[in-house]
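Engineer: My structure is stored as final-v6.cif, with mmCIF, C-alpha atoms.
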```cif
data_start
#
loop_
_atom_site.label_atom_id
_atom_site.label_comp_id
_atom_site.auth_asym_id
_atom_site.auth_seq_id
_atom_site.Cartn_x
_atom_site.Cartn_y
_atom_site.Cartn_z
CA MET I 70 7.52 0.89 43.75
CA ILE I 71 4.33 2.14 42.13
CA GLU I 72 2.86 5.26 43.67
CA ALA I 73 1.28 8.48 42.60
CA SER I 74 2.28 11.80 44.10
CA GLY I 75 0.31 15.00 44.74
CA SER I 76 -3.38 15.70 45.28
CA GLU I 77 -4.51 14.09 42.03
CA HIS I 78 -3.77 10.59 43.21
CA LEU I 79 -7.06 9.04 42.18
CA VAL I 80 -7.07 10.64 38.73
CA ALA I 81 -3.53 9.45 38.16
CA VAL I 82 -4.35 5.91 39.29
CA ALA I 83 -7.37 5.78 36.97
CA ALA I 84 -5.34 7.15 34.04
CA LYS I 85 -2.53 4.68 34.74
CA LYS I 86 -4.96 1.74 34.88
CA LYS I 87 -6.46 2.86 31.57
CA LEU I 88 -3.03 3.20 29.94
CA SER I 89 -2.04 -0.34 31.01
CA ALA I 90 -5.39 -1.85 29.98
CA ASP I 91 -5.32 -0.08 26.60
CA PHE I 92 -1.77 -1.30 25.96
CA ARG I 93 -2.72 -4.90 26.70
CA LYS I 94 -5.93 -4.67 24.63
CA LYS I 95 -3.97 -3.19 21.73
CA GLY I 96 -1.41 -6.00 21.98
CA ILE I 97 -4.11 -8.66 21.82
CA LEU I 98 -5.86 -6.96 18.87
CA ILE I 99 -2.55 -6.64 17.01
CA ALA I 100 -1.73 -10.32 17.61
CA LEU I 101 -5.22 -11.34 16.42
CA PHE I 102 -4.85 -9.11 13.36
CA SER I 103 -1.60 -10.92 12.53
CA GLY I 104 -3.62 -14.14 12.25
CA LEU I 105 -6.08 -12.44 9.87
CA CYS I 106 -3.21 -11.07 7.74
CA TYR I 107 -1.77 -14.58 7.64
CA GLY I 108 -5.11 -15.74 6.24
CA PHE I 109 -4.95 -13.17 3.40
CA TYR I 110 -1.30 -14.02 2.77
CA THR I 111 -2.22 -17.72 2.39
CA ALA I 112 -5.25 -16.99 0.20
CA PHE I 113 -3.45 -14.63 -2.20
CA MET I 114 -0.38 -16.89 -2.45
CA THR I 115 -2.67 -19.84 -3.26
CA LEU I 116 -4.48 -17.68 -5.83
CA GLY I 117 -1.19 -16.52 -7.39
CA MET I 118 -0.08 -20.13 -7.68
CA SER I 119 -3.21 -20.94 -9.69
CA LYS I 120 -2.91 -18.10 -12.23
CA GLY I 121 -0.81 -17.42 -15.35
CA ILE I 122 2.26 -19.61 -15.74
CA TRP I 123 1.47 -21.37 -12.47
CA ALA I 124 -1.82 -22.67 -13.91
CA ASP I 125 0.20 -24.39 -16.62
CA TRP I 126 2.85 -25.75 -14.22
CA TYR I 127 0.25 -27.22 -11.88
CA GLY I 128 -2.23 -28.08 -14.69
CA ALA I 129 -1.35 -28.99 -18.28
CA ASN I 130 2.39 -28.97 -17.38
CA THR I 131 3.55 -28.27 -20.94
CA ALA I 132 7.06 -27.75 -19.52
CA GLY I 133 7.12 -31.43 -18.48
CA LEU I 134 8.12 -30.80 -14.85
CA SER I 135 8.65 -33.85 -12.64
CA ALA I 136 6.50 -34.62 -9.60
CA PHE I 137 9.43 -33.66 -7.30
CA THR I 138 9.89 -30.35 -9.10
CA ILE I 139 6.19 -29.55 -8.89
CA THR I 140 5.98 -30.43 -5.20
CA PHE I 141 9.21 -29.04 -3.80
CA LEU I 142 10.77 -26.60 -6.27
CA LEU I 143 7.52 -24.87 -7.18
CA GLY I 144 6.52 -24.80 -3.48
CA ALA I 145 9.80 -23.08 -2.61
CA LEU I 146 9.53 -20.77 -5.63
CA GLY I 147 6.00 -19.71 -4.61
CA ALA I 148 7.24 -18.93 -1.09
CA ALA I 149 10.31 -17.11 -2.48
CA THR I 150 8.21 -14.98 -4.84
CA THR I 151 5.83 -14.05 -2.01
CA ASP I 152 8.63 -13.30 0.48
CA THR I 153 10.55 -11.21 -2.06
CA CYS I 154 7.41 -9.18 -2.81
CA SER I 155 6.95 -8.82 0.95
CA ALA I 156 10.56 -7.62 1.33
CA VAL I 157 9.91 -4.96 -1.35
CA TRP I 158 6.77 -3.85 0.56
CA ALA I 159 8.75 -3.74 3.80
CA LEU I 160 11.51 -1.60 2.25
CA LEU I 161 8.98 0.76 0.63
CA ILE I 162 7.06 1.17 3.90
CA ALA I 163 10.36 1.74 5.74
CA VAL I 164 11.20 4.52 3.26
CA VAL I 165 7.78 6.17 3.62
CA ARG I 166 7.87 5.91 7.42
CA GLY I 167 11.45 7.20 7.59
CA LYS I 168 12.87 4.00 9.06
CA LEU I 169 15.23 2.85 6.30
CA GLY I 170 18.23 4.38 8.10
CA ASP I 171 17.43 2.43 11.28
CA PHE I 172 17.05 -0.74 9.17
CA PHE I 173 20.68 -0.50 8.00
CA ARG I 174 21.90 0.60 11.45
CA CYS I 175 20.15 -2.35 13.17
CA LEU I 176 21.45 -4.91 10.66
CA LYS I 177 25.00 -4.47 11.95
CA THR I 178 24.10 -4.98 15.61
CA LYS I 179 23.62 -8.02 17.85
CA PRO I 180 19.78 -7.73 18.08
CA GLY I 181 19.71 -7.31 14.26
CA LEU I 182 21.72 -10.49 13.77
CA VAL I 183 19.46 -12.33 16.21
CA MET I 184 16.49 -11.26 14.04
CA VAL I 185 18.31 -12.57 10.95
CA VAL I 186 18.88 -15.96 12.67
CA GLY I 187 15.22 -16.05 13.77
CA ALA I 188 14.12 -15.26 10.22
CA LEU I 189 16.34 -18.02 8.77
CA ILE I 190 15.07 -20.61 11.24
CA GLY I 191 11.41 -19.58 11.02
CA GLY I 192 11.56 -18.76 7.30
CA PRO I 193 13.24 -21.22 4.91
CA LEU I 194 14.12 -23.92 7.49
CA ALA I 195 10.77 -24.28 9.27
CA SER I 196 8.76 -23.72 6.07
CA THR I 197 10.70 -26.43 4.24
CA ALA I 198 10.35 -28.81 7.18
CA TYR I 199 6.60 -28.14 7.08
CA VAL I 200 6.36 -28.91 3.35
CA VAL I 201 8.48 -32.07 3.70
CA GLY I 202 6.42 -33.11 6.72
CA LEU I 203 3.20 -32.69 4.75
CA MET I 204 4.60 -34.83 1.93
CA LYS I 205 5.78 -37.57 4.28
CA ALA I 206 3.02 -37.76 6.85
CA GLY I 207 0.03 -36.00 5.32
CA SER I 208 -2.20 -33.43 6.99
CA ILE I 209 -1.58 -34.69 10.53
CA VAL I 210 1.38 -32.31 10.28
CA VAL I 211 -0.96 -29.27 10.25
CA PRO I 212 -2.05 -29.57 13.92
CA ILE I 213 1.45 -30.71 14.92
CA SER I 214 2.89 -27.49 13.52
CA ALA I 215 0.22 -25.65 15.52
CA LEU I 216 2.20 -26.62 18.62
CA CYS I 217 4.40 -23.59 17.92
CA PRO I 218 2.66 -21.34 20.52
CA ALA I 219 3.43 -23.94 23.19
CA VAL I 220 7.06 -24.10 22.05
CA GLY I 221 7.31 -20.30 21.97
CA ALA I 222 5.74 -19.94 25.42
CA ILE I 223 8.11 -22.52 26.95
CA LEU I 224 11.18 -20.94 25.34
CA ALA I 225 10.04 -17.47 26.46
CA ARG I 226 9.62 -18.81 30.01
CA VAL I 227 13.11 -20.35 30.04
CA TRP I 228 15.04 -17.64 28.20
CA PHE I 229 13.18 -14.44 28.99
CA LYS I 230 11.43 -15.41 32.24
CA GLN I 231 8.00 -14.57 30.81
CA GLU I 232 4.94 -15.69 32.74
CA LEU I 233 3.67 -19.22 32.02
CA ASN I 234 1.31 -20.71 34.58
CA ALA I 235 -1.05 -23.70 34.57
CA ARG I 236 -4.01 -21.59 33.35
CA MET I 237 -2.02 -20.27 30.39
CA MET I 238 -0.85 -23.78 29.51
CA LEU I 239 -4.48 -24.95 29.59
CA GLY I 240 -5.38 -22.10 27.20
CA ILE I 241 -2.58 -23.05 24.82
CA PHE I 242 -3.80 -26.66 24.91
CA ILE I 243 -7.37 -25.52 24.09
CA CYS I 244 -6.03 -23.52 21.09
CA PHE I 245 -4.09 -26.58 19.95
CA LEU I 246 -7.28 -28.68 20.16
CA ALA I 247 -9.06 -26.07 18.01
CA SER I 248 -6.33 -26.36 15.33
CA LEU I 249 -6.71 -30.13 15.51
CA MET I 250 -10.50 -29.76 14.98
CA ILE I 251 -9.88 -27.68 11.82
CA ALA I 252 -7.49 -30.36 10.48
CA ILE I 253 -9.88 -33.25 11.19
CA PRO I 254 -11.79 -33.10 7.84
CA SER I 255 -8.50 -33.45 5.94
CA LEU I 256 -7.15 -36.24 8.10
CA GLY I 257 -7.60 -39.82 6.95
CA GLY I 258 -5.96 -42.29 4.65
CA ASP I 259 -3.47 -39.83 3.16
CA ALA I 260 -0.48 -40.92 5.23
CA PRO I 261 2.16 -42.43 3.00
CA ASP I 262 5.23 -44.40 4.16
CA GLY I 263 7.63 -42.60 6.49
CA MET I 264 4.89 -41.08 8.62
CA PHE I 265 7.08 -40.92 11.73
CA VAL I 266 9.79 -39.01 9.85
CA GLY I 267 7.13 -36.65 8.52
CA ILE I 268 5.77 -36.02 12.01
CA CYS I 269 9.33 -35.27 13.16
CA PHE I 270 9.62 -32.69 10.37
CA GLY I 271 6.27 -31.21 11.43
CA PHE I 272 7.54 -30.94 14.98
CA PHE I 273 10.74 -29.32 13.70
CA ALA I 274 8.56 -26.72 11.94
CA ALA I 275 6.74 -26.07 15.25
CA LEU I 276 10.12 -25.68 16.98
CA GLY I 277 11.33 -23.28 14.28
CA TRP I 278 8.24 -21.08 14.37
CA GLY I 279 8.14 -21.23 18.17
CA PHE I 280 11.78 -20.11 18.27
CA GLU I 281 11.15 -17.32 15.77
CA GLY I 282 8.04 -16.02 17.54
CA CYS I 283 9.71 -16.05 20.93
CA VAL I 284 13.12 -14.65 19.94
CA CYS I 285 11.97 -12.10 17.36
CA GLY I 286 9.07 -11.05 19.59
CA TYR I 287 11.60 -10.30 22.32
CA GLY I 288 13.86 -8.70 19.71
CA THR I 289 11.18 -6.13 18.90
CA SER I 290 11.41 -4.90 22.49
CA MET I 291 14.75 -3.44 21.34
CA ILE I 292 14.21 -3.03 17.59
CA ASP I 293 11.23 -1.13 16.17
CA SER I 294 8.76 -3.75 14.87
CA GLU I 295 8.64 -2.18 11.38
CA VAL I 296 12.44 -2.27 11.21
CA GLY I 297 12.40 -5.83 12.58
CA ILE I 298 9.97 -7.06 9.94
CA THR I 299 12.04 -5.44 7.19
CA ILE I 300 15.06 -7.43 8.42
CA ARG I 301 12.89 -10.57 8.56
CA GLN I 302 11.37 -10.30 5.10
CA VAL I 303 14.60 -9.28 3.34
CA THR I 304 16.40 -12.22 5.03
CA SER I 305 13.61 -14.67 4.26
CA GLY I 306 13.12 -13.49 0.65
CA LEU I 307 16.83 -13.58 -0.18
CA SER I 308 17.52 -16.89 1.57
CA ASN I 309 14.56 -18.54 -0.12
CA LEU I 310 15.64 -17.20 -3.49
CA ILE I 311 19.41 -17.68 -3.20
CA ILE I 312 19.62 -20.83 -1.05
CA LEU I 313 16.39 -22.82 -0.97
CA VAL I 314 15.27 -22.56 -4.60
CA PRO I 315 18.73 -23.49 -6.02
CA ILE I 316 18.98 -26.46 -3.59
CA PHE I 317 15.60 -27.81 -4.70
CA GLY I 318 16.60 -26.97 -8.29
CA MET I 319 19.72 -29.15 -7.99
CA MET I 320 17.71 -31.94 -6.35
CA SER I 321 15.18 -31.73 -9.17
CA GLY I 322 17.85 -32.77 -11.69
CA ASP I 323 17.48 -31.64 -15.29
CA VAL I 324 15.41 -28.49 -14.82
CA ASN I 325 16.10 -24.86 -15.76
CA THR I 326 15.70 -23.36 -12.28
CA LEU I 327 16.74 -19.85 -13.32
CA GLY I 328 14.20 -19.97 -16.16
CA LEU I 329 11.44 -20.87 -13.68
CA VAL I 330 12.51 -18.02 -11.37
CA VAL I 331 12.48 -15.51 -14.23
CA GLN I 332 9.06 -16.70 -15.40
CA SER I 333 7.67 -16.47 -11.87
CA PHE I 334 8.86 -12.86 -11.45
CA THR I 335 7.76 -11.68 -14.92
CA ASP I 336 4.35 -13.32 -15.16
CA GLY I 337 1.97 -10.37 -14.77
CA ALA I 338 -1.16 -12.51 -14.44
CA SER I 339 0.07 -14.09 -11.21
CA LEU I 340 2.50 -11.46 -9.91
CA ILE I 341 -0.26 -9.08 -8.86
CA TYR I 342 -1.57 -11.75 -6.46
CA PHE I 343 1.92 -12.47 -5.16
CA ALA I 344 2.28 -8.75 -4.49
CA LEU I 345 -0.95 -8.83 -2.44
CA ALA I 346 0.25 -12.01 -0.70
CA GLY I 347 3.51 -10.20 0.11
CA LEU I 348 1.58 -7.34 1.71
CA GLY I 349 -0.40 -9.90 3.74
CA ALA I 350 2.86 -11.58 4.81
CA TYR I 351 4.27 -8.19 5.86
CA GLY I 352 1.27 -7.61 8.15
CA ALA I 353 1.21 -11.21 9.37
CA PHE I 354 4.81 -11.23 10.60
CA MET I 355 5.08 -7.58 11.66
CA PHE I 356 1.96 -7.80 13.84
CA TRP I 357 3.04 -11.25 15.05
CA TYR I 358 6.33 -9.86 16.38
CA LYS I 359 4.67 -6.72 17.73
CA GLY I 360 1.83 -8.63 19.42
CA ASN I 361 4.30 -11.06 21.01
CA SER I 362 6.43 -8.24 22.35
CA MET I 363 3.39 -6.38 23.74
CA CYS I 364 1.58 -9.25 25.46
CA GLY I 365 4.14 -12.04 25.82
CA ALA I 366 4.85 -15.10 23.67
CA ALA I 367 2.16 -17.35 25.22
CA LEU I 368 -0.76 -15.00 24.56
CA GLY I 369 0.67 -13.35 21.42
CA MET I 370 1.42 -16.62 19.66
CA SER I 371 -1.93 -18.14 20.60
CA CYS I 372 -3.74 -15.09 19.19
CA ASN I 373 -1.62 -15.42 16.04
CA GLY I 374 -2.49 -19.15 16.01
CA THR I 375 -6.01 -18.14 14.95
CA PHE I 376 -4.50 -18.31 11.44
CA SER I 377 -5.62 -21.97 11.59
CA PHE I 378 -9.12 -20.52 11.21
CA TRP I 379 -8.35 -17.34 9.24
CA GLY I 380 -6.44 -19.34 6.57
CA PRO I 381 -9.42 -21.44 5.45
CA PHE I 382 -11.75 -18.45 6.06
CA CYS I 383 -9.81 -16.07 3.78
CA CYS I 384 -9.36 -18.81 1.17
CA TRP I 385 -13.13 -19.31 1.21
CA ILE I 386 -13.82 -15.56 0.84
CA ILE I 387 -11.20 -14.84 -1.82
CA LEU I 388 -10.89 -18.09 -3.76
CA GLY I 389 -14.40 -19.45 -3.22
CA VAL I 390 -16.72 -16.42 -3.00
CA ILE I 391 -14.87 -13.73 -5.02
CA PHE I 392 -13.15 -15.90 -7.65
CA GLY I 393 -15.79 -18.67 -7.70
CA LEU I 394 -13.29 -21.53 -7.43
CA ASP I 395 -14.63 -24.87 -6.21
CA GLY I 396 -13.48 -26.69 -3.10
CA TRP I 397 -12.86 -23.73 -0.80
CA SER I 398 -15.96 -23.81 1.42
CA ILE I 399 -15.39 -23.95 5.17
CA PRO I 400 -16.43 -27.14 6.95
CA PRO I 401 -18.85 -26.46 9.86
CA ILE I 402 -16.30 -27.85 12.33
CA ALA I 403 -13.99 -24.90 11.52
CA TRP I 404 -16.62 -22.46 12.85
CA ALA I 405 -16.93 -24.52 16.03
CA ALA I 406 -13.11 -24.56 16.26
CA ALA I 407 -13.06 -20.75 16.00
CA VAL I 408 -15.28 -20.57 19.10
CA VAL I 409 -12.99 -23.04 20.91
CA MET I 410 -9.99 -20.86 19.95
CA VAL I 411 -11.64 -17.78 21.44
CA ILE I 412 -12.22 -19.75 24.66
CA GLY I 413 -8.54 -20.79 24.62
CA ILE I 414 -7.35 -17.22 24.12
CA PHE I 415 -9.59 -15.94 26.93
CA THR I 416 -8.22 -18.69 29.17
CA ILE I 417 -4.66 -17.48 28.53
CA ALA I 418 -5.46 -13.77 28.72
CA LEU I 419 -7.83 -13.53 31.66
CA ASN I 420 -7.53 -14.74 35.20
CA PRO I 421 -11.08 -15.53 36.43
CA LEU I 422 -10.03 -14.29 39.88
CA ASP I 423 -9.33 -10.85 38.39
CA LEU I 424 -12.86 -10.75 36.96
CA LEU I 425 -14.31 -11.65 40.36
CA LYS I 426 -12.16 -8.96 41.96
CA LYS I 427 -13.47 -6.38 39.50
CA LYS I 428 -17.05 -7.33 40.39
CA GLU I 429 -16.26 -6.91 44.07
CA ASP I 430 -14.69 -3.48 43.37
CA MET I 431 -17.93 -2.41 41.66
CA MET A 198 24.45 7.15 15.34
CA LYS A 199 22.32 4.46 16.99
CA PRO A 200 18.81 3.42 15.95
CA LEU A 201 16.23 5.49 17.86
CA ASN A 202 14.99 2.59 20.02
CA TYR A 203 18.56 1.68 21.01
CA ALA A 204 19.32 5.27 22.00
CA MET A 205 16.17 5.36 24.09
CA LEU A 206 17.02 2.14 25.96
CA LYS A 207 20.63 3.20 26.50
CA TYR A 208 19.41 6.48 27.99
CA PHE A 209 17.60 4.52 30.72
CA THR A 210 20.87 2.79 31.66
CA ARG A 211 22.45 6.19 32.38
CA VAL A 212 19.75 7.78 34.55
CA ASN A 213 17.99 6.79 37.77
CA GLU A 214 14.55 7.15 36.26
CA ALA A 215 12.87 8.93 33.36
CA CYS A 216 9.51 9.52 31.71
CA ALA A 217 8.82 9.79 27.97
CA ASP A 218 9.22 13.60 28.10
CA ASP A 219 12.67 13.23 29.71
CA VAL A 220 13.75 10.78 27.00
CA MET A 221 12.50 13.08 24.26
CA ALA A 222 14.28 16.07 25.78
CA ALA A 223 17.54 14.12 26.02
CA LEU A 224 17.41 12.75 22.47
CA LYS A 225 15.92 15.82 20.79
CA GLY A 226 19.22 17.08 19.37
CA GLU A 227 20.01 13.96 17.39
CA TYR A 228 16.63 12.41 16.68
CA SER A 229 14.01 15.16 16.41
CA HIS A 230 13.90 14.77 12.61
CA PHE A 231 12.88 11.09 12.92
CA LYS A 232 9.22 10.43 12.07
CA ALA A 233 9.03 7.98 15.00
CA PHE A 234 10.22 10.74 17.37
CA ASN A 235 6.78 11.48 18.78
CA LYS A 236 5.36 10.95 22.24
CA GLY A 237 2.89 8.21 21.27
CA ASP A 238 5.50 6.02 19.61
CA MET A 239 8.03 6.66 22.38
CA ILE A 240 5.55 5.67 25.11
CA ALA A 241 4.64 2.49 23.16
CA ALA A 242 8.34 1.59 22.81
CA ILE A 243 8.98 2.18 26.51
CA MET A 244 5.94 0.11 27.54
CA THR A 245 7.06 -2.70 25.21
CA ALA A 246 10.49 -2.66 26.85
CA GLU A 247 8.75 -2.81 30.22
CA ALA A 248 6.54 -5.73 29.11
CA ASN A 249 9.71 -7.63 28.22
CA GLY A 250 11.45 -6.96 31.51
CA LEU A 251 14.06 -4.48 30.25
CA LEU A 252 12.56 -1.57 32.20
CA GLU A 253 10.39 -1.27 35.29
CA GLU A 254 7.92 1.35 36.38
CA THR A 255 8.96 3.46 39.35
CA ARG A 256 6.13 5.97 39.84
CA PHE A 257 3.49 8.02 38.08
CA ASP A 258 1.71 11.34 38.50
CA MET A 259 -0.15 14.01 36.53
CA ASP A 260 1.95 16.71 34.89
CA SER A 261 1.11 20.43 34.73
CA ASN A 262 -0.99 19.80 31.58
CA LYS A 263 -3.05 17.21 33.50
CA GLU A 264 -1.48 14.44 31.45
CA LEU A 265 -0.38 11.16 32.96
CA ARG A 266 3.38 10.93 33.40
CA VAL A 267 4.89 7.50 34.08
CA TYR A 268 8.51 7.08 35.18
CA TYR A 269 10.59 4.00 34.41
CA ARG A 270 14.08 2.77 35.20
CA ALA A 271 16.38 0.09 33.91
CA HIS A 272 16.86 -2.27 36.88
CA GLU A 273 20.17 -4.10 37.25
CA GLU A 274 19.26 -7.11 35.12
CA GLY A 275 17.52 -4.97 32.49
CA ALA A 276 20.51 -2.62 32.22
CA GLU A 277 22.83 -5.63 31.93
CA THR A 278 20.73 -7.07 29.08
CA ILE A 279 20.53 -3.71 27.28
CA ASN A 280 24.30 -3.19 27.58
CA HIS A 281 24.97 -6.78 26.49
CA TYR A 282 23.00 -6.41 23.24
CA ILE A 283 23.56 -2.74 22.53
CA LYS A 284 27.13 -1.55 22.63
CA ASP A 285 28.16 2.08 23.02
#
```
Please rewrite the model in this file as structure tokens.

Structural biologist:
Amino acid sequence: MIEASGSEHLVAVAAKKKLSADFRKKGILIALFSGLCYGFYTAFMTLGMSKGIWADWYGANTAGLSAFTITFLLGALGAATTDTCSAVWALLIAVVRGKLGDFFRCLKTKPGLVMVVGALIGGPLASTAYVVGLMKAGSIVVPISALCPAVGAILARVWFKQELNARMMLGIFICFLASLMIAIPSLGGDAPDGMFVGICFGFFAALGWGFEGCVCGYGTSMIDSEVGITIRQVTSGLSNLIILVPIFGMMSGDVNTLGLVVQSFTDGASLIYFALAGLGAYGAFMFWYKGNSMCGAALGMSCNGTFSFWGPFCCWIILGVIFGLDGWSIPPIAWAAAVVMVIGIFTIALNPLDLLKKKEDM
Amino acid sequence: MKPLNYAMLKYFTRVNEACADDVMAALKGEYSHFKAFNKGDMIAAIMTAEANGLLEETRFDMDSNKELRVYYRAHEEGAETINHYIKD
């Protein structure tokens, strides 16, 4: 079907090739940038949860919070504070960019509702499964959750008929191995009882994130990615705050959940870092969706999967180098894993036969 | 009023083929005040729809300003998907 008309055939072909190549390159860069944003989001959220009132909750604990409350309720509250800040960023950016009207218009439509479902599954559900998995099975859950690009690529193949061949599957496997390498230093004798259940939760998290990346990535082929991310962050922030935090609050027993929420949102010393984490989360998910929709779930999610490296990297830069906190240096194996990840991404993105063809053309 | 991206996709279900300039001309009346109503953003949205199988390229040429002009269409399955998710 593709043909150029008129006497400027060659110029048109060259311009068309450039347009397609630039679009693909931009998609890959956006997806990679989402991984970097995810790193900043993780680092600033971790920093926020070590400052102000959080330093007391996780340190001296003058409020006398139980171990369950500290692990689960505070974990959910940290995520809720970050996601709510991110939702505020998303709404502000939508106002500035003139997209607030489309945000409300999209909410009432089928693609908008699909984005809401994706945000609920990938937001509170998968994130909670991840936290529970970590508690039950230890850090083996980290690489298991990194299976999400494989899940996303398979779902995208089945539901949206996206390309997934043997070479791309090999690339996804290489990226998974790289995530496993990064987790190796933290693996060891930290697996408590109920490891199998924990691994199942970790796999559920991978399913949830795979579903979200695939479905919401496809969703942004219909909905503007900035509108899509506003739907995502508002859904995730509200559901974390209204559903997840109260549930963990009730499970925590005799604890003033509302009091903890109010303190979290009024503590200036930590809130500034949650605001920065929220901005990072906005970029992480917006570029994730956009990258997936531009270059397909397999490649987009694998590029985003570089957060396995960017997470520790940004924590090292921000927490270790800038704030001088101990224990945030990057193990050498993480650098090696970053190289392996790049090899994995190239394996997914580039067909060696295409490179050979290009050489022949020259 | 539909979101801009929806209106753009729906337009492709009503015509045989169109380029970004055609879409902009058709939607100008209702959407010209939108900040996202610019050629760069429209082309990116169309190419994203193509990457996800909603649209397909039909042909391309150079316009009178020596700018590349790519035409797309919503094939049967793409039009069905667009109409399934986006109601009139």

Engineer: When distances are computed from only C-alpha atoms, which of A:Leu265, A:Ile283, A:Met239, A:Ala217 shows the smallest separation from Ala83 in chain I?

Structural biologist: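 Checking each of A:Leu265, A:Ile283, A:Met239, A:Ala217 against Ala83 in chain I, counting only C-alpha atoms, the winner is A:Leu265.
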
Engineer: Decode the PyMOL selection byres ((chain A) within 10 of (chain I)) for the given file into explicit residues and return them as a PyMOL selection string.

Structural biologist: chain A and resi 198-206+230-233+238+241-251+253-260+263-268+279+281-284

Engineer: Expand the PyMOL selection byres ((chain A and resi 208-215) around 6) into the individual residues it matches in the shown file, reporting them as a compact mmCIF listing (two decimals) with C-alpha atoms, keeping the file's coordinate frame.

Structural biologist:
```txt
# COMPACT_ATOMS: atom_id res chain seq x y z
CA MET A 205 16.17 5.36 24.09
CA LEU A 206 17.02 2.14 25.96
CA LYS A 207 20.63 3.20 26.50
CA CYS A 216 9.51 9.52 31.71
CA ASP A 219 12.67 13.23 29.71
CA TYR A 268 8.51 7.08 35.18
CA TYR A 269 10.59 4.00 34.41
CA ARG A 270 14.08 2.77 35.20
CA ALA A 271 16.38 0.09 33.91
CA ALA A 276 20.51 -2.62 32.22
```

Engineer: Name the residues that the PyMOL selection byres ((chain I and resi 269-280) around 7) picks from the file above, as a list in words, using the file's chain letters and numbers.

Structural biologist: Gly187, Ile190, Gly191, Ala195, Ser196, Ala198, Tyr199, Val201, Gly202, Val210, Ile213, Ser214, Ala215, Leu216, Cys217, Pro218, Val220, Gly221, Phe265, Val266, Gly267, Ile268, Glu281, Gly282, Cys283 and Val284 of chain I

Engineer: Expressed in Å to a single decimal, how great is the separation between CA of Leu143 in chain I and CA of Thr111 in chain I?

Structural biologist: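 So the two atoms, CA of Leu143 in chain I and CA of Thr111 in chain I, lie 15.4 Å apart.
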
Engineer: What does the distance from CA of Thr115 in chain I to CA of Ile139 in chain I come to in Å, to one decimal?

Structural biologist: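 If I compute the distance from CA of Thr115 in chain I to CA of Ile139 in chain I, I get 14.3 Å.
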
Engineer: Please report the interatomic distance between CA of Leu348 in chain I and CA of Phe109 in chain I in Å with one decimal.

Structural biologist: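 Atom-to-atom, CA of Leu348 in chain I to CA of Phe109 in chain I, that is 8.9 Å.
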
Engineer: Go through A:Leu252, A:Ser261, A:Gly237, A:Ala223 and flag the residue nearest Glu273 in chain A, using only C-alpha atoms for the distances.

Structural biologist: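 So, comparing all the options, the nearest one is A:Leu252.
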
Engineer: Which of these, I:Arg226, I:Arg301, I:Lys95, I:Lys120, has the shortest distance to Ala367 in chain I once you count all atoms listed in the file?

Structural biologist: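 The shortest atom-to-atom distance to Ala367 in chain I comes from I:Arg226.
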
Engineer: Neighbouring residues of range 314-327 of chain I were defined as those with any atom within 7 Å, considering all atoms listed in the file; residues of the same chain fewer than 2 positions away were excluded. Please report them as a CSV table (one decimal) with C-alpha atoms, keeping the file's coordinate frame.

Structural biologist:
```csv
chain,number,residue,atom,x,y,z
I,137,PHE,CA,9.4,-33.7,-7.3
I,138,THR,CA,9.9,-30.4,-9.1
I,141,PHE,CA,9.2,-29.0,-3.8
I,142,LEU,CA,10.8,-26.6,-6.3
I,145,ALA,CA,9.8,-23.1,-2.6
I,146,LEU,CA,9.5,-20.8,-5.6
I,309,ASN,CA,14.6,-18.5,-0.1
I,310,LEU,CA,15.6,-17.2,-3.5
I,311,ILE,CA,19.4,-17.7,-3.2
I,312,ILE,CA,19.6,-20.8,-1.0
I,329,LEU,CA,11.4,-20.9,-13.7
I,330,VAL,CA,12.5,-18.0,-11.4
I,331,VAL,CA,12.5,-15.5,-14.2
```

Engineer: Can you pull out the residues contacting Met221 in chain A? Cut-off 9 Å, using all atoms listed in the file, and skip same-chain residues under 6 positions away; I want them as a ChimeraX atom specification.

Structural biologist: /A:205,228-229,234-236,239

Engineer: Contacts of Trp357 in chain I at 9 Å or less, counting all atoms listed in the file, minus same-chain residues fewer than 4 places along, as a short mmCIF file (atom, residue, chain, number, x, y, z; two decimals) with C-alpha atoms, keeping the file's coordinate frame?

Structural biologist:
```
data_model
loop_
_atom_site.label_atom_id
_atom_site.label_comp_id
_atom_site.auth_asym_id
_atom_site.auth_seq_id
_atom_site.Cartn_x
_atom_site.Cartn_y
_atom_site.Cartn_z
CA ILE I 99 -2.55 -6.64 17.01
CA ALA I 100 -1.73 -10.32 17.61
CA LEU I 101 -5.22 -11.34 16.42
CA PHE I 102 -4.85 -9.11 13.36
CA SER I 103 -1.60 -10.92 12.53
CA GLY I 104 -3.62 -14.14 12.25
CA GLY I 282 8.04 -16.02 17.54
CA GLY I 286 9.07 -11.05 19.59
CA GLY I 352 1.27 -7.61 8.15
CA ALA I 353 1.21 -11.21 9.37
CA ASN I 361 4.30 -11.06 21.01
CA SER I 362 6.43 -8.24 22.35
CA GLY I 369 0.67 -13.35 21.42
CA MET I 370 1.42 -16.62 19.66
CA CYS I 372 -3.74 -15.09 19.19
CA ASN I 373 -1.62 -15.42 16.04
#
```

Engineer: Specify the axis-aligned box that encloses all atoms of range 230-236 of chain A listed in the file after padding of 4 Å on each side, stating its centre and edge lengths in Å to one decimal as lines of an AutoDock Vina configuration file.

Structural biologist:
```
center_x = 9.6
center_y = 11.4
center_z = 17.2
size_x = 16.5
size_y = 14.8
size_z = 18.2
```
